[in-house]
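Enquirer: Dropping in query-v2.txt, which is compact mmCIF, C-alpha atoms:
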```txt
# COMPACT_ATOMS: atom_id res chain seq x y z
CA MET N 1 0.00 0.00 0.00
CA SER N 2 2.99 2.31 0.32
CA GLY N 3 3.14 2.75 -3.48
CA VAL N 4 -0.46 3.87 -3.86
CA VAL N 5 -0.80 7.51 -4.94
CA THR N 6 -4.33 7.61 -6.36
CA ILE N 7 -7.43 5.71 -5.25
CA GLY N 8 -10.89 5.44 -6.75
CA LEU N 9 -13.54 4.75 -4.10
CA ASP N 10 -16.95 3.47 -5.17
CA LEU N 11 -19.43 4.33 -2.43
CA ALA N 12 -22.37 2.20 -1.31
CA LYS N 13 -24.50 1.59 1.76
CA SER N 14 -22.44 -1.17 3.35
CA ILE N 15 -19.80 -2.57 0.94
CA PHE N 16 -17.23 -0.22 -0.66
CA GLN N 17 -14.88 -0.98 -3.55
CA ILE N 18 -11.45 0.63 -3.87
CA HIS N 19 -9.05 0.71 -6.79
CA GLY N 20 -5.51 2.08 -6.32
CA VAL N 21 -2.68 2.89 -8.73
CA ASP N 22 0.95 3.94 -8.28
CA ASP N 23 2.70 6.97 -9.73
CA ALA N 24 3.14 5.14 -13.07
CA GLY N 25 -0.59 4.39 -13.33
CA ARG N 26 -0.21 0.65 -12.65
CA THR N 27 -2.92 -1.05 -10.63
CA VAL N 28 -1.53 -2.04 -7.23
CA LEU N 29 -4.64 -2.27 -5.08
CA ARG N 30 -8.09 -3.80 -5.48
CA ARG N 31 -10.17 -4.45 -2.40
CA ARG N 32 -13.66 -4.50 -0.95
CA LEU N 33 -14.29 -2.95 2.45
CA SER N 34 -17.26 -2.97 4.77
CA ARG N 35 -18.65 0.24 6.18
CA HIS N 36 -17.05 -0.07 9.62
CA GLU N 37 -13.63 -0.91 8.11
CA LEU N 38 -13.37 2.07 5.75
CA VAL N 39 -11.97 4.85 7.96
CA SER N 40 -9.65 2.59 9.95
CA TYR N 41 -8.25 1.09 6.73
CA PHE N 42 -7.44 4.49 5.19
CA ALA N 43 -6.05 5.77 8.50
CA LYS N 44 -3.23 3.22 8.18
CA MET N 45 -2.33 4.32 4.64
CA SER N 46 0.07 7.04 3.57
CA PRO N 47 -1.66 10.25 2.40
CA CYS N 48 -2.88 9.94 -1.17
CA LEU N 49 -5.45 11.33 -3.59
CA ILE N 50 -8.90 9.75 -3.23
CA GLY N 51 -11.63 10.24 -5.83
CA MET N 52 -15.32 9.62 -5.20
CA GLU N 53 -18.54 10.28 -7.06
CA ALA N 54 -20.55 13.17 -5.63
CA CYS N 55 -23.48 10.99 -4.60
CA SER N 56 -25.34 10.14 -1.39
CA ALA N 57 -23.10 10.33 1.72
CA ALA N 58 -20.11 11.45 -0.39
CA HIS N 59 -19.60 14.67 1.59
CA HIS N 60 -19.66 12.74 4.87
CA TRP N 61 -17.01 10.28 3.75
CA ALA N 62 -14.96 13.09 2.21
CA ARG N 63 -14.83 14.85 5.57
CA GLU N 64 -13.99 11.63 7.38
CA LEU N 65 -11.13 10.69 5.03
CA SER N 66 -9.79 14.24 5.03
CA ARG N 67 -9.45 14.04 8.81
CA VAL N 68 -7.00 11.13 8.48
CA GLY N 69 -4.75 13.07 6.10
CA HIS N 70 -5.95 12.20 2.60
CA SER N 71 -6.77 14.61 -0.22
CA VAL N 72 -10.35 13.91 -1.33
CA ARG N 73 -11.96 15.01 -4.62
CA LEU N 74 -15.64 14.62 -5.46
CA ILE N 75 -16.49 14.14 -9.14
CA PRO N 76 -19.95 14.60 -10.71
CA PRO N 77 -21.21 11.12 -11.71
CA GLN N 78 -21.81 12.15 -15.32
CA TYR N 79 -18.09 12.89 -15.68
CA VAL N 80 -17.14 9.42 -14.45
CA ARG N 81 -19.47 7.48 -16.74
CA PRO N 82 -17.31 7.81 -19.92
CA TYR N 83 -14.43 6.05 -18.14
CA VAL N 84 -16.43 2.90 -17.30
CA LYS N 85 -15.22 0.05 -19.52
CA ARG N 86 -17.79 -2.41 -20.81
CA ASN N 87 -19.72 -3.99 -17.90
CA LYS N 88 -20.82 -1.81 -14.99
CA THR N 89 -19.66 -3.35 -11.72
CA ASP N 90 -18.39 -1.95 -8.44
CA ALA N 91 -14.82 -2.77 -9.45
CA ALA N 92 -15.27 -1.15 -12.86
CA ASP N 93 -16.78 1.96 -11.26
CA ALA N 94 -13.89 2.26 -8.80
CA GLU N 95 -11.39 1.92 -11.64
CA ALA N 96 -13.24 4.57 -13.66
CA ILE N 97 -13.23 6.96 -10.70
CA CYS N 98 -9.51 6.37 -10.19
CA GLU N 99 -8.84 7.18 -13.85
CA ALA N 100 -11.10 10.23 -13.89
CA VAL N 101 -9.70 11.84 -10.73
CA ALA N 102 -6.18 11.80 -12.26
CA LYS N 103 -7.21 13.90 -15.26
CA PRO N 104 -5.83 17.46 -15.06
CA ASN N 105 -8.93 19.05 -16.60
CA MET N 106 -11.49 17.23 -14.45
CA ARG N 107 -14.14 19.29 -12.66
CA TYR N 108 -14.84 18.69 -9.00
CA VAL N 109 -17.56 19.32 -6.45
CA PRO N 110 -16.40 21.19 -3.31
CA VAL N 111 -16.85 19.22 -0.10
CA LYS N 112 -19.68 20.74 1.94
CA THR N 113 -19.31 21.57 5.61
CA LEU N 114 -21.67 20.38 8.32
CA ASP N 115 -23.25 23.85 8.49
CA GLN N 116 -23.89 23.84 4.75
CA GLN N 117 -25.51 20.42 4.85
CA GLY N 118 -27.57 21.41 7.87
CA ALA N 119 -28.98 24.43 6.03
CA LEU N 120 -29.63 22.35 2.92
CA SER N 121 -31.50 19.79 5.03
CA LEU N 122 -34.00 22.50 5.96
CA HIS N 123 -34.45 23.37 2.30
CA ARG N 124 -34.90 19.74 1.28
CA VAL N 125 -37.52 19.17 3.98
CA ARG N 126 -39.35 22.36 3.02
CA SER N 127 -39.35 21.30 -0.63
CA LEU N 128 -40.72 17.87 0.36
CA PHE N 129 -43.56 19.40 2.39
CA VAL N 130 -44.43 21.81 -0.42
CA ARG N 131 -44.67 18.93 -2.90
CA GLN N 132 -46.84 16.94 -0.53
CA ARG N 133 -49.13 19.92 0.06
CA THR N 134 -49.47 20.49 -3.68
CA ALA N 135 -50.36 16.83 -4.19
CA ALA N 136 -52.95 16.99 -1.41
CA ILE N 137 -54.52 20.14 -2.87
CA ASN N 138 -54.72 18.54 -6.32
CA ALA N 139 -56.27 15.43 -4.80
CA VAL N 140 -58.98 17.34 -2.93
CA ARG N 141 -59.75 19.39 -6.03
CA GLY N 142 -60.18 16.25 -8.06
CA LEU N 143 -62.44 14.66 -5.46
CA LEU N 144 -64.69 17.69 -5.11
CA THR N 145 -64.91 18.20 -8.86
CA GLU N 146 -66.71 14.83 -9.04
CA PHE N 147 -69.48 16.43 -6.97
CA GLY N 148 -69.57 19.73 -8.86
CA ILE N 149 -67.69 21.77 -6.22
CA VAL N 150 -64.90 23.83 -7.77
CA ALA N 151 -62.82 26.93 -7.00
CA GLY N 152 -60.13 28.98 -8.70
CA LYS N 153 -56.54 27.87 -9.02
CA GLY N 154 -53.90 28.64 -6.45
CA ILE N 155 -53.30 27.80 -2.82
CA GLN N 156 -55.05 31.04 -1.84
CA ARG N 157 -58.35 29.56 -3.06
CA VAL N 158 -58.18 26.48 -0.84
CA THR N 159 -60.01 28.31 1.93
CA GLU N 160 -62.80 29.20 -0.48
CA LEU N 161 -63.00 25.58 -1.60
CA ARG N 162 -63.26 24.44 2.01
CA GLN N 163 -66.09 26.88 2.71
CA ARG N 164 -68.03 25.67 -0.32
CA THR N 165 -67.56 22.10 0.87
CA ARG N 166 -69.01 22.89 4.29
CA LYS N 167 -71.97 24.72 2.76
CA ALA N 168 -72.77 21.88 0.36
CA SER N 169 -75.93 19.95 1.16
CA ARG N 170 -76.07 16.22 1.80
CA GLU N 171 -77.83 15.75 -1.54
CA LEU N 172 -74.79 17.26 -3.31
CA LEU N 173 -71.98 15.85 -1.11
CA PRO N 174 -72.49 12.55 0.77
CA ASP N 175 -71.32 12.24 4.36
CA GLU N 176 -68.64 9.70 3.43
CA ALA N 177 -67.13 12.02 0.84
CA ARG N 178 -67.38 14.98 3.22
CA ALA N 179 -65.47 13.10 5.92
CA ALA N 180 -62.78 12.02 3.46
CA VAL N 181 -62.33 15.55 2.10
CA GLU N 182 -62.11 17.05 5.60
CA GLU N 183 -59.27 14.65 6.38
CA VAL N 184 -57.39 15.97 3.37
CA PHE N 185 -58.06 19.58 4.38
CA ASP N 186 -56.69 18.85 7.87
CA HIS N 187 -53.63 17.27 6.26
CA ILE N 188 -53.11 20.43 4.18
CA ASP N 189 -53.34 22.59 7.32
CA ASP N 190 -50.79 20.39 9.07
CA LEU N 191 -48.38 20.59 6.13
CA THR N 192 -48.80 24.37 5.99
CA ALA N 193 -47.89 24.65 9.67
CA ARG N 194 -44.83 22.46 9.13
CA ILE N 195 -43.73 24.54 6.13
CA GLU N 196 -44.05 27.74 8.15
CA SER N 197 -42.02 26.19 10.97
CA VAL N 198 -39.18 25.17 8.61
CA GLU N 199 -39.26 28.56 6.88
CA SER N 200 -38.92 30.32 10.23
CA ARG N 201 -35.71 28.37 10.89
CA ILE N 202 -34.40 29.27 7.42
CA VAL N 203 -35.16 32.95 8.04
CA ALA N 204 -33.35 32.74 11.38
CA LEU N 205 -30.25 31.38 9.61
CA HIS N 206 -30.57 34.16 7.06
CA LYS N 207 -30.69 36.88 9.72
CA ASN N 208 -27.55 35.52 11.38
CA SER N 209 -25.56 35.53 8.12
CA GLU N 210 -24.13 38.75 6.71
CA ALA N 211 -23.42 37.07 3.37
CA SER N 212 -27.01 35.83 3.07
CA GLN N 213 -28.38 39.30 3.82
CA ARG N 214 -26.06 40.73 1.18
CA LEU N 215 -27.45 38.32 -1.43
CA ALA N 216 -31.02 39.16 -0.43
CA SER N 217 -30.40 42.77 -1.48
CA ALA N 218 -30.56 41.65 -5.13
CA PRO N 219 -33.95 42.02 -6.87
CA GLY N 220 -36.06 38.87 -6.78
CA VAL N 221 -33.95 37.23 -4.05
CA GLY N 222 -35.31 36.59 -0.55
CA PRO N 223 -34.12 34.75 2.55
CA ILE N 224 -34.94 31.29 1.15
CA THR N 225 -33.11 31.81 -2.16
CA ALA N 226 -30.13 33.55 -0.54
CA SER N 227 -29.59 30.91 2.14
CA ALA N 228 -30.03 28.05 -0.36
CA ILE N 229 -27.41 29.48 -2.72
CA LEU N 230 -24.89 30.06 0.07
CA ALA N 231 -25.39 26.56 1.44
CA SER N 232 -24.98 25.05 -2.03
CA VAL N 233 -21.98 26.94 -3.40
CA GLY N 234 -20.08 28.12 -0.33
CA ASP N 235 -17.60 30.85 -1.27
CA GLY N 236 -18.25 30.37 -5.01
CA ARG N 237 -14.54 30.18 -5.87
CA GLN N 238 -15.03 26.89 -7.72
CA PHE N 239 -16.53 28.89 -10.61
CA GLN N 240 -14.20 30.82 -12.89
CA SER N 241 -16.71 33.56 -13.62
CA ALA N 242 -20.31 34.63 -13.20
CA ARG N 243 -21.21 32.98 -16.49
CA HIS N 244 -19.81 29.65 -15.29
CA PHE N 245 -22.04 29.94 -12.24
CA ALA N 246 -25.10 30.66 -14.41
CA ALA N 247 -24.17 27.71 -16.63
CA TRP N 248 -23.91 25.44 -13.55
CA LEU N 249 -27.45 26.49 -12.63
CA GLY N 250 -28.65 25.49 -16.11
CA LEU N 251 -29.63 29.04 -17.09
CA THR N 252 -27.46 29.29 -20.20
CA PRO N 253 -28.61 28.07 -23.64
CA ARG N 254 -27.53 24.83 -25.24
CA VAL N 255 -25.14 25.36 -28.12
CA HIS N 256 -24.79 22.96 -31.06
CA ALA N 257 -21.96 24.01 -33.35
CA SER N 258 -20.33 22.24 -36.27
CA GLY N 259 -18.04 23.94 -38.70
CA ARG N 260 -19.29 27.49 -39.19
CA LYS N 261 -22.86 26.67 -38.25
CA GLU N 262 -23.96 27.43 -34.71
CA HIS N 263 -27.40 26.82 -33.25
CA ILE N 264 -28.38 28.24 -29.86
CA GLY N 265 -31.32 26.41 -28.31
CA ARG N 266 -33.15 26.33 -25.01
CA ILE N 267 -31.50 26.58 -21.62
CA SER N 268 -29.63 23.46 -20.57
CA LYS N 269 -31.60 22.92 -17.32
CA GLY N 270 -28.52 21.29 -15.82
CA GLY N 271 -27.21 21.65 -12.31
CA ASP N 272 -29.31 22.25 -9.24
CA ARG N 273 -33.00 22.25 -10.16
CA TYR N 274 -34.06 23.64 -6.78
CA LEU N 275 -31.87 26.73 -7.04
CA ARG N 276 -32.88 27.31 -10.64
CA ALA N 277 -36.57 27.15 -9.70
CA LEU N 278 -36.10 29.64 -6.85
CA LEU N 279 -34.32 32.11 -9.13
CA ILE N 280 -36.92 31.81 -11.87
CA HIS N 281 -39.78 32.27 -9.39
CA GLY N 282 -38.10 35.45 -8.17
CA ALA N 283 -37.55 36.57 -11.76
CA ARG N 284 -41.25 36.06 -12.53
CA ALA N 285 -42.07 38.47 -9.70
CA ILE N 286 -39.73 41.07 -11.23
CA VAL N 287 -41.24 40.59 -14.69
CA GLY N 288 -44.73 40.89 -13.22
CA THR N 289 -43.95 44.35 -11.83
CA SER N 290 -43.18 45.57 -15.35
CA PHE N 291 -46.90 45.65 -16.09
CA ARG N 292 -47.70 47.84 -13.09
CA LYS N 293 -47.92 51.61 -13.49
CA ASP N 294 -46.73 52.40 -9.95
CA VAL N 295 -43.34 50.67 -10.45
CA THR N 296 -40.32 52.33 -12.04
CA PRO N 297 -39.79 50.57 -15.38
CA ARG N 298 -36.57 48.74 -16.24
CA PRO N 299 -35.72 49.84 -19.82
CA TRP N 300 -33.84 46.66 -20.78
CA LEU N 301 -36.63 44.45 -19.47
CA LYS N 302 -39.30 46.52 -21.21
CA GLN N 303 -37.45 46.16 -24.51
CA LEU N 304 -37.06 42.42 -23.96
CA LEU N 305 -40.77 41.95 -23.24
CA ALA N 306 -41.58 43.78 -26.45
CA ARG N 307 -39.97 41.01 -28.54
CA ARG N 308 -40.03 37.94 -26.26
CA SER N 309 -42.57 36.09 -24.13
CA VAL N 310 -42.90 36.50 -20.38
CA ASN N 311 -41.30 33.10 -19.72
CA VAL N 312 -38.25 33.90 -21.84
CA ALA N 313 -37.92 37.26 -20.10
CA ALA N 314 -38.12 35.57 -16.69
CA VAL N 315 -35.26 33.21 -17.58
CA ALA N 316 -33.21 36.17 -18.81
CA VAL N 317 -33.80 37.99 -15.52
CA ALA N 318 -32.86 34.85 -13.57
CA HIS N 319 -29.64 34.60 -15.59
CA LYS N 320 -28.70 38.20 -14.82
CA THR N 321 -29.58 37.71 -11.16
CA ALA N 322 -27.40 34.58 -10.95
CA ARG N 323 -24.41 36.46 -12.35
CA ALA N 324 -24.92 39.29 -9.88
CA LEU N 325 -25.20 36.81 -6.99
CA TRP N 326 -21.90 35.18 -7.89
CA ALA N 327 -20.24 38.59 -7.86
CA MET N 328 -21.78 39.26 -4.44
CA ILE N 329 -20.68 35.89 -3.04
CA THR N 330 -17.09 36.21 -4.20
CA ARG N 331 -16.98 39.97 -3.57
CA GLU N 332 -15.42 40.45 -6.98
CA GLU N 333 -14.36 43.98 -7.87
CA GLY N 334 -17.40 45.91 -8.99
CA TYR N 335 -19.96 43.49 -7.60
CA ARG N 336 -22.12 46.40 -6.44
CA ARG N 337 -22.11 47.78 -9.99
CA ILE N 338 -23.20 44.38 -11.35
CA ALA N 339 -26.03 44.25 -8.80
CA VAL N 340 -27.21 47.73 -9.77
CA GLN N 341 -27.17 46.80 -13.47
CA THR N 342 -29.24 43.73 -12.73
CA ALA N 343 -31.81 45.84 -10.91
```
I need this file expressed as structure tokens, please.
Expert:
Amino acid sequence: MSGVVTIGLDLAKSIFQIHGVDDAGRTVLRRRLSRHELVSYFAKMSPCLIGMEACSAAHHWARELSRVGHSVRLIPPQYVRPYVKRNKTDAADAEAICEAVAKPNMRYVPVKTLDQQGALSLHRVRSLFVRQRTAAINAVRGLLTEFGIVAGKGIQRVTELRQRTRKASRELLPDEARAAVEEVFDHIDDLTARIESVESRIVALHKNSEASQRLASAPGVGPITASAILASVGDGRQFQSARHFAAWLGLTPRVHASGRKEHIGRISKGGDRYLRALLIHGARAIVGTSFRKDVTPRPWLKQLLARRSVNVAAVAVAHKTARALWAMITREEGYRRIAVQTA
């Protein structure tokens, strides 16, 4: 094991596969380890470079192996896939990771701290509760539609739908259906209370973070978006520029070029879907104010809306906001000017 300089570690729930090479690239180590053996095994080894896919529990194991002196790199799974030879097995995956981590132009995922993962846990739970509440609202709408009881779209109209349900006669809504629907309404109320509780904790984190408050000064960005971005990207130094950050969020267009022909298509929708959705929701709010007479118009946005749809304009605003946020995170020279231009 003294000659091992690079190791590919294929993560799993209980059984891990490792593949090690020496400084000449020759395979010198192949082994399977159980979960409780992993840290103690690497603690006995000389410091080396360890590559892992950025998947479930990867950040935890990266922190654990870093504590025993190793240099750990997390690779996006899609960048490892081209190095898998023929059959996909744990051994083949570990070998592919070992080969990929040695490439000089490989891109890596920064290892998240405990604080970052704690903040992201709040966001993941909030997102889960919001999805469950949306599913419950859609279910109760579908049930009541069967009895001719309808209301407008939006969560704000759920109260109106509940009032119509209570006013409905027994001839229109049977007791069995009424009892079932009330259970769903109670479930929606419980989910709403849980969402508000999680959001209060997110806002508390936001108020205790100067960086998060700085991000929230950008148009269309609130405590939830600001704290989620900080928890996801850290100091933002892994991105070379603001455009790289926007591309990581999936807000830049796909480009297909061959020869002298270049076709620019829709946005890539790559990267973190949750962050992209938050930014686009905030951008929709900015675009919506352009149609109000009591709001100072943004000339560039007004010109864009004159030739493009509202959805396209919202994505453009989200792209500009993302670039301004990266400048704010990294405190690049002129980041205040970029923020003002975005506004």
Enquirer: State, in Å with one decimal place, the distance from CA of Leu251 in chain N to CA of Ser268 in chain N.
Expert: 6.6 Å
Enquirer: From the options N:Ala216, N:Ala318, N:Val109, N:Ile329, which residue's atoms come nearest to Pro77 in chain N, counting only C-alpha atoms?
Expert: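 Using only C-alpha atoms, the shortest distance to Pro77 in chain N belongs to N:Val109.
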Enquirer: Give the answer as one residue: which of N:Ala43, N:Ala54, N:Val233, N:Ile149 has the shortest atom-to-atom distance to Lys167 in chain N, using only C-alpha atoms?
Expert: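 Counting only C-alpha atoms, the residue closest to Lys167 in chain N is N:Ile149.
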Enquirer: Which of these residues is nearest to Pro253 in chain N, using only C-alpha atoms: N:Leu275, N:Leu172, N:Ala193, N:Val315?
Expert: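 So, comparing all the options, the nearest one is N:Val315.
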Enquirer: Could you list, as a PDB file with C-alpha atoms, in the frame of the given file, every residue within 10 Å of His206 in chain N, counting all atoms listed in the file and ignoring same-chain residues fewer than 6 positions away?
Expert:
```
ATOM      1  CA  ALA N 119     -28.980  24.430   6.030  1.00  0.00           C
ATOM      2  CA  SER N 200     -38.920  30.320  10.230  1.00  0.00           C
ATOM      3  CA  SER N 212     -27.010  35.830   3.070  1.00  0.00           C
ATOM      4  CA  GLN N 213     -28.380  39.300   3.820  1.00  0.00           C
ATOM      5  CA  ARG N 214     -26.060  40.730   1.180  1.00  0.00           C
ATOM      6  CA  LEU N 215     -27.450  38.320  -1.430  1.00  0.00           C
ATOM      7  CA  ALA N 216     -31.020  39.160  -0.430  1.00  0.00           C
ATOM      8  CA  GLY N 222     -35.310  36.590  -0.550  1.00  0.00           C
ATOM      9  CA  PRO N 223     -34.120  34.750   2.550  1.00  0.00           C
ATOM     10  CA  ILE N 224     -34.940  31.290   1.150  1.00  0.00           C
ATOM     11  CA  THR N 225     -33.110  31.810  -2.160  1.00  0.00           C
ATOM     12  CA  ALA N 226     -30.130  33.550  -0.540  1.00  0.00           C
ATOM     13  CA  SER N 227     -29.590  30.910   2.140  1.00  0.00           C
ATOM     14  CA  ALA N 228     -30.030  28.050  -0.360  1.00  0.00           C
ATOM     15  CA  LEU N 230     -24.890  30.060   0.070  1.00  0.00           C
TER      16      LEU N 230
END
```
Enquirer: Between N:Val181, N:Met106, N:Ala316, N:Ala168, which is the closest to Leu143 in chain N once you count only C-alpha atoms?
Expert: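 Counting only C-alpha atoms, the residue closest to Leu143 in chain N is N:Val181.
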Enquirer: Find the residues around Gly270 in chain N up to 10 Å (all atoms listed in the file counted), leave out those fewer than 2 positions away in its own chain, and share them as a list in words.
Expert: Ala247, Trp248, Leu249, Gly250, Leu251, Thr252, Ile267, Ser268, Asp272, Arg273 and Arg276 of chain N
Enquirer: With distances taken over only C-alpha atoms, which of N:Ser56, N:Gln116, N:Ser46, N:Thr6 is nearest to Val72 in chain N?
Expert: N:Thr6
Enquirer: Excluding Tyr108 in chain N and any residue of its chain fewer than 4 positions from it, enumerate the residues within 9 Å of it, using only C-alpha atoms, and give them as a list in words.
Expert: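 My list of contacting residues is Ala54, Arg73, Leu74, Ile75, Pro76, Val101 and Gln238 of chain N.
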Enquirer: Between N:Ala257, N:Met52, N:Ile202, N:Ala91, which residue has the minimum interatomic distance to Arg31 in chain N, considering only C-alpha atoms?
Expert: N:Ala91
Enquirer: For a test of reading the model, state the distance in Å between CA of Leu304 in chain N and CA of Tyr274 in chain N, rounded to one decimal.
Expert: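 A separation of 25.6 Å between them.
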Enquirer: Show me as a ChimeraX atom specification the residues that reach within 8 Å of (-24.8, 27.8, -30.4), counting only C-alpha atoms and using the file's own coordinates.
Expert: /N:253-257,262-265
Enquirer: Any idea what's packed within 12 Å of Glu183 in chain N, counting all atoms listed in the file, ignoring anything in its chain fewer than 6 positions away? Could you give it as a ChimeraX atom specification?
Expert: /N:136-137,139-140,162,176-177,189-190
Enquirer: Just give me the gap between CA of Arg67 in chain N and CA of Gly51 in chain N in Å, one decimal is fine.
Expert: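 Answer for the CA of Arg67 in chain N to CA of Gly51 in chain N separation: 15.3 Å.
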Enquirer: Applying 12 Å and all atoms listed in the file, which residues near Lys85 in chain N remain after dropping the ones on its own chain fewer than 6 positions away? List them as JSON, numbers by chain.
Expert: {"N": [91, 92, 93, 94, 95, 96, 97, 99]}
Enquirer: Select all residues near (-13.4, 8.7, 7.0) (cut-off 9 Å, inclusive, file coordinates), counting all atoms listed in the file, and output them as an MDAnalysis selection string.
Expert: chainID N and resid 38:40 42:43 60:68
